[in-house]
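Only one structure is covered here, and it is reproduced in the block below.
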Amino acid sequence: MLDKMKPWKNTKNSSVLRDKIEVIKEQSIPAHVAIIMDGNGRWAKKRALPRIAGHHEGMKVVRKITKLANQLGIKRLTLYAFSTENWKRPKTEVDYLMKLPEEFLGTFLPELVEENVRVEMMGYKESLPSHTLKAIERAMNATKENNGLVLNFALNYGSRAEIVDGVKRVLDDYKRGIISEEMLNEDSFSTYLMTKNTPDPDLLIRTSGEIRLSNFMLWQLAYTEFWFTDVLWPDFNENHLLEAIEVYQNRQRRFGGV
Ligand code: FPP
């Protein structure tokens with residue numbers, strides 16, 4: 001259980017990890033890191049445990065990675081916690097996933113507040129159970145003045161639906177004379193998405209060996225660097241994040257130029 005874990009500020013990094021962090025911090029740190037946290041079910045299956053045990057373990061990794069992201073000076077960490085397609089899973093699993101924000105934030109919120117982390121959420125709020133939404137909104141409210149890392153949960157999020165809804169809102173504004181055809185461009189369209197006024201991810205990480213986007217931030221990932229690993233999310237640790245960033249630092253980003 002999370003509440004048996006040491007408070008965040010008392011968890012010390014090993015000296016090897018500290019040294020690695022210092023080296024990584026000498027070069028550019030991606031401002032926005034997005035993660036598709038995959039492989040919880042397989043992690044559990046390998047141990048003959050129910051799938052929800054994998055999700056529970058995955059939640060602990062969220063804590064660890066949030067802490068490191070904050071230490072590194074990453075500005076925004078977007079985590080794909082539940083997609084609009086995940087409702088197709090067995091009810092017991094969906095119910096469990098919907099309880100995770102409460103469990104996580106119930107324990108972790110004071111640390112997030114103290115460590116200057118701001119909690120945000122993107123996704124279709126209206127179809128979330130009220131207990132899930134309440135936990136998230138409480139955390140958003142409690143951390144709204146914080147200006148350190150933004151921990152952005154993608155919860156009941158789906159990129160195609162987001163884009164179609166964006167188009168519908170553009171049409172609506174067009175009809176009301178708020179936007180003209182000339183005014184519509186990539187920048188103005190971006191403001192109709194759930195990520196409005198936030199920079200696109202610089203680095204996308206997907207765990208568990210699957211090489212696909214699964215309806216995640218399709219518009220926003222146009223120029224993002226991708227890093228895939230076979231590691232299952234519950235096994236993902238600080239060294240893996242540092243490795244991903246190191247690879248990122250050695251990539252040349254050209255954004256379509258030369
Ligand atoms: C995909 O693995 C993972 C999910 C659908 C859920 C991810 C959620 C967490 C890691 C916990 C989130 C924590 C908070 C605080 C909200 P999978 O189940 O598809 O794994 P599999 O592909 O091996 O079956």
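Ordering of the structure tokens sets the chain letters (A, B, ...); residue numbers start at 1 within each chain; ligands are numbered from 1 in the order shown.
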
Long-range neighbours of range 157-167 of chain A as a PyMOL selection string, 9 Å cut-off, only C-alpha atoms, 4 positions minimum in chain = chain A and resi 80-85+122-124+171-172+189-194+214-219

Residues as selected, N, CA, C and O atoms, written as an mmCIF file, in the first residue's frame, can you do that?
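Saved to part-v5.cif:
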```cif
data_model
loop_
_atom_site.group_PDB
_atom_site.id
_atom_site.type_symbol
_atom_site.label_atom_id
_atom_site.label_comp_id
_atom_site.auth_asym_id
_atom_site.auth_seq_id
_atom_site.Cartn_x
_atom_site.Cartn_y
_atom_site.Cartn_z
ATOM 1 N N TYR A 80 -0.824 8.907 -19.601
ATOM 2 C CA TYR A 80 -2.046 8.312 -20.184
ATOM 3 C C TYR A 80 -2.553 7.254 -19.194
ATOM 4 O O TYR A 80 -2.077 6.130 -19.173
ATOM 5 N N ALA A 81 -3.521 7.659 -18.390
ATOM 6 C CA ALA A 81 -3.969 6.775 -17.304
ATOM 7 C C ALA A 81 -5.217 5.975 -17.677
ATOM 8 O O ALA A 81 -5.453 4.896 -17.124
ATOM 9 N N PHE A 82 -6.026 6.533 -18.608
ATOM 10 C CA PHE A 82 -7.254 5.825 -18.996
ATOM 11 C C PHE A 82 -7.732 6.422 -20.311
ATOM 12 O O PHE A 82 -7.933 7.633 -20.411
ATOM 13 N N SER A 83 -7.928 5.566 -21.313
ATOM 14 C CA SER A 83 -8.350 6.083 -22.615
ATOM 15 C C SER A 83 -9.862 5.948 -22.773
ATOM 16 O O SER A 83 -10.514 5.185 -22.041
ATOM 17 N N THR A 84 -10.388 6.647 -23.770
ATOM 18 C CA THR A 84 -11.833 6.554 -24.030
ATOM 19 C C THR A 84 -12.203 5.127 -24.466
ATOM 20 O O THR A 84 -13.368 4.750 -24.422
ATOM 21 N N GLU A 85 -11.214 4.357 -24.873
ATOM 22 C CA GLU A 85 -11.464 2.957 -25.288
ATOM 23 C C GLU A 85 -11.372 1.986 -24.104
ATOM 24 O O GLU A 85 -11.834 0.847 -24.186
ATOM 25 N N MET A 122 -6.637 16.063 -18.323
ATOM 26 C CA MET A 122 -7.289 16.287 -19.618
ATOM 27 C C MET A 122 -8.060 15.029 -19.983
ATOM 28 O O MET A 122 -7.605 13.910 -19.750
ATOM 29 N N GLY A 123 -9.262 15.233 -20.504
ATOM 30 C CA GLY A 123 -10.102 14.095 -20.837
ATOM 31 C C GLY A 123 -11.551 14.477 -20.639
ATOM 32 O O GLY A 123 -11.860 15.609 -20.262
ATOM 33 N N TYR A 124 -12.433 13.513 -20.924
ATOM 34 C CA TYR A 124 -13.869 13.768 -20.826
ATOM 35 C C TYR A 124 -14.334 13.566 -19.386
ATOM 36 O O TYR A 124 -14.589 12.451 -18.955
ATOM 37 N N LEU A 171 -16.561 25.167 -35.898
ATOM 38 C CA LEU A 171 -17.756 25.425 -36.718
ATOM 39 C C LEU A 171 -18.741 26.313 -35.965
ATOM 40 O O LEU A 171 -19.332 27.233 -36.528
ATOM 41 N N ASP A 172 -18.876 26.022 -34.702
ATOM 42 C CA ASP A 172 -19.777 26.798 -33.863
ATOM 43 C C ASP A 172 -19.328 28.264 -33.806
ATOM 44 O O ASP A 172 -20.140 29.181 -34.000
ATOM 45 N N PHE A 189 -6.160 26.590 -34.310
ATOM 46 C CA PHE A 189 -6.883 25.326 -34.098
ATOM 47 C C PHE A 189 -6.449 24.649 -32.792
ATOM 48 O O PHE A 189 -7.261 24.048 -32.082
ATOM 49 N N SER A 190 -5.155 24.776 -32.487
ATOM 50 C CA SER A 190 -4.641 24.155 -31.248
ATOM 51 C C SER A 190 -5.408 24.614 -30.007
ATOM 52 O O SER A 190 -5.514 23.877 -29.029
ATOM 53 N N THR A 191 -5.923 25.848 -30.070
ATOM 54 C CA THR A 191 -6.622 26.364 -28.886
ATOM 55 C C THR A 191 -7.990 25.713 -28.703
ATOM 56 O O THR A 191 -8.654 25.927 -27.695
ATOM 57 N N TYR A 192 -8.419 24.943 -29.691
ATOM 58 C CA TYR A 192 -9.699 24.232 -29.574
ATOM 59 C C TYR A 192 -9.504 22.823 -29.025
ATOM 60 O O TYR A 192 -10.446 22.062 -28.903
ATOM 61 N N LEU A 193 -8.271 22.472 -28.712
ATOM 62 C CA LEU A 193 -7.997 21.129 -28.181
ATOM 63 C C LEU A 193 -7.876 21.177 -26.659
ATOM 64 O O LEU A 193 -7.767 22.255 -26.067
ATOM 65 N N MET A 194 -7.890 19.993 -26.051
ATOM 66 C CA MET A 194 -7.824 19.945 -24.579
ATOM 67 C C MET A 194 -6.495 20.479 -24.048
ATOM 68 O O MET A 194 -6.375 20.783 -22.872
ATOM 69 N N SER A 214 -2.018 4.429 -29.912
ATOM 70 C CA SER A 214 -3.262 4.129 -29.200
ATOM 71 C C SER A 214 -4.118 5.372 -28.930
ATOM 72 O O SER A 214 -4.565 5.594 -27.794
ATOM 73 N N ASN A 215 -4.295 6.181 -29.978
ATOM 74 C CA ASN A 215 -5.210 7.326 -29.864
ATOM 75 C C ASN A 215 -4.761 8.358 -28.825
ATOM 76 O O ASN A 215 -5.578 8.990 -28.166
ATOM 77 N N PHE A 216 -3.450 8.524 -28.699
ATOM 78 C CA PHE A 216 -2.913 9.451 -27.696
ATOM 79 C C PHE A 216 -2.283 10.677 -28.367
ATOM 80 O O PHE A 216 -1.326 10.547 -29.133
ATOM 81 N N MET A 217 -2.798 11.832 -28.126
ATOM 82 C CA MET A 217 -2.224 13.126 -28.517
ATOM 83 C C MET A 217 -1.748 13.152 -29.984
ATOM 84 O O MET A 217 -0.625 13.575 -30.278
ATOM 85 N N LEU A 218 -2.607 12.693 -30.886
ATOM 86 C CA LEU A 218 -2.193 12.543 -32.285
ATOM 87 C C LEU A 218 -1.760 13.877 -32.914
ATOM 88 O O LEU A 218 -0.801 13.926 -33.679
ATOM 89 N N TRP A 219 -2.454 14.929 -32.599
ATOM 90 C CA TRP A 219 -2.106 16.258 -33.119
ATOM 91 C C TRP A 219 -0.824 16.763 -32.459
ATOM 92 O O TRP A 219 0.107 17.241 -33.106
#
```

Test item: residues lying within 6 Å of ligand 1 with only C-alpha atoms and all ligand atoms, as a short mmCIF file (atom, residue, chain, number, x, y, z; two decimals) with N, CA, C and O atoms, in the first residue's frame:
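In the end it all went to selection39.cif:
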```cif
data_model
loop_
_atom_site.label_atom_id
_atom_site.label_comp_id
_atom_site.auth_asym_id
_atom_site.auth_seq_id
_atom_site.Cartn_x
_atom_site.Cartn_y
_atom_site.Cartn_z
N MET A 37 1.72 4.56 -20.32
CA MET A 37 2.15 3.60 -19.27
C MET A 37 1.51 2.25 -19.58
O MET A 37 0.37 2.01 -19.20
N ASP A 38 2.23 1.39 -20.26
CA ASP A 38 1.63 0.15 -20.73
C ASP A 38 2.34 -1.06 -20.12
O ASP A 38 3.53 -1.00 -19.80
N GLY A 39 1.59 -2.14 -19.97
CA GLY A 39 2.19 -3.40 -19.54
C GLY A 39 1.82 -3.84 -18.13
O GLY A 39 2.35 -4.82 -17.62
N ASN A 40 0.88 -3.12 -17.52
CA ASN A 40 0.49 -3.48 -16.15
C ASN A 40 -0.10 -4.89 -16.09
O ASN A 40 0.19 -5.67 -15.18
N GLY A 41 -0.96 -5.19 -17.09
CA GLY A 41 -1.62 -6.50 -17.11
C GLY A 41 -0.62 -7.63 -17.28
O GLY A 41 -0.67 -8.64 -16.57
N ARG A 42 0.33 -7.44 -18.21
CA ARG A 42 1.34 -8.49 -18.44
C ARG A 42 2.25 -8.66 -17.24
O ARG A 42 2.66 -9.76 -16.89
N HIS A 55 -1.92 -2.73 -12.04
CA HIS A 55 -2.27 -1.31 -12.02
C HIS A 55 -1.84 -0.67 -10.70
O HIS A 55 -1.39 0.47 -10.66
N GLY A 58 1.71 -0.12 -10.86
CA GLY A 58 1.94 0.98 -11.80
C GLY A 58 1.72 2.33 -11.15
O GLY A 58 2.41 3.31 -11.45
N MET A 59 0.77 2.39 -10.24
CA MET A 59 0.50 3.64 -9.54
C MET A 59 1.71 4.07 -8.69
O MET A 59 2.03 5.25 -8.61
N ALA A 81 -3.52 7.66 -18.39
CA ALA A 81 -3.97 6.78 -17.30
C ALA A 81 -5.22 5.97 -17.68
O ALA A 81 -5.45 4.90 -17.12
N PHE A 82 -6.03 6.53 -18.61
CA PHE A 82 -7.25 5.82 -19.00
C PHE A 82 -7.73 6.42 -20.31
O PHE A 82 -7.93 7.63 -20.41
N LEU A 100 -8.18 4.43 -8.59
CA LEU A 100 -6.76 4.73 -8.41
C LEU A 100 -6.46 6.21 -8.14
O LEU A 100 -5.64 6.50 -7.26
N PRO A 101 -7.11 7.14 -8.86
CA PRO A 101 -6.80 8.55 -8.54
C PRO A 101 -7.07 8.88 -7.07
O PRO A 101 -6.29 9.59 -6.44
N PHE A 104 -4.30 7.21 -4.98
CA PHE A 104 -3.03 7.89 -5.21
C PHE A 104 -3.02 9.27 -4.57
O PHE A 104 -2.12 9.61 -3.80
#
```

Find the residues around range 243-255 of chain A up to 9 Å (only C-alpha atoms counted), leave out those fewer than 4 positions away in its own chain, and share them as a list in words.
-> Ile24, Gln27, Ser28, Ile29, Pro30, Asp202, Leu203, Ile205, Ala222, Tyr223, Thr224, Glu225, Phe226, Trp227, Phe228, Thr229, Glu238 and Asn239 of chain A

From the DSSP assignment of the backbone, select every residue of range 63-165 of chain A that is strand (DSSP E), and format the answer as a PyMOL selection string.
-> chain A and resi 76-83+118-122+150-157

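One distance worth recording is that between CA of Ala154 in chain A and CA of Met98 in chain A, which is 12.5 Å.
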
From range 40-156 of chain A, collect each residue whose DSSP state is helix (DSSP H, G or I) and return the set as a VMD selection string.
-> chain A and resid 40 to 46 51 to 72 86 to 88 91 to 114 125 to 127 130 to 142

Can you pull out every residue within 10 Å of Ser188 in chain A, counting only C-alpha atoms, but drop anything in the same chain fewer than 6 positions away, and send it as a list in words?
-> Val170, Ile179 and Lys196 of chain A
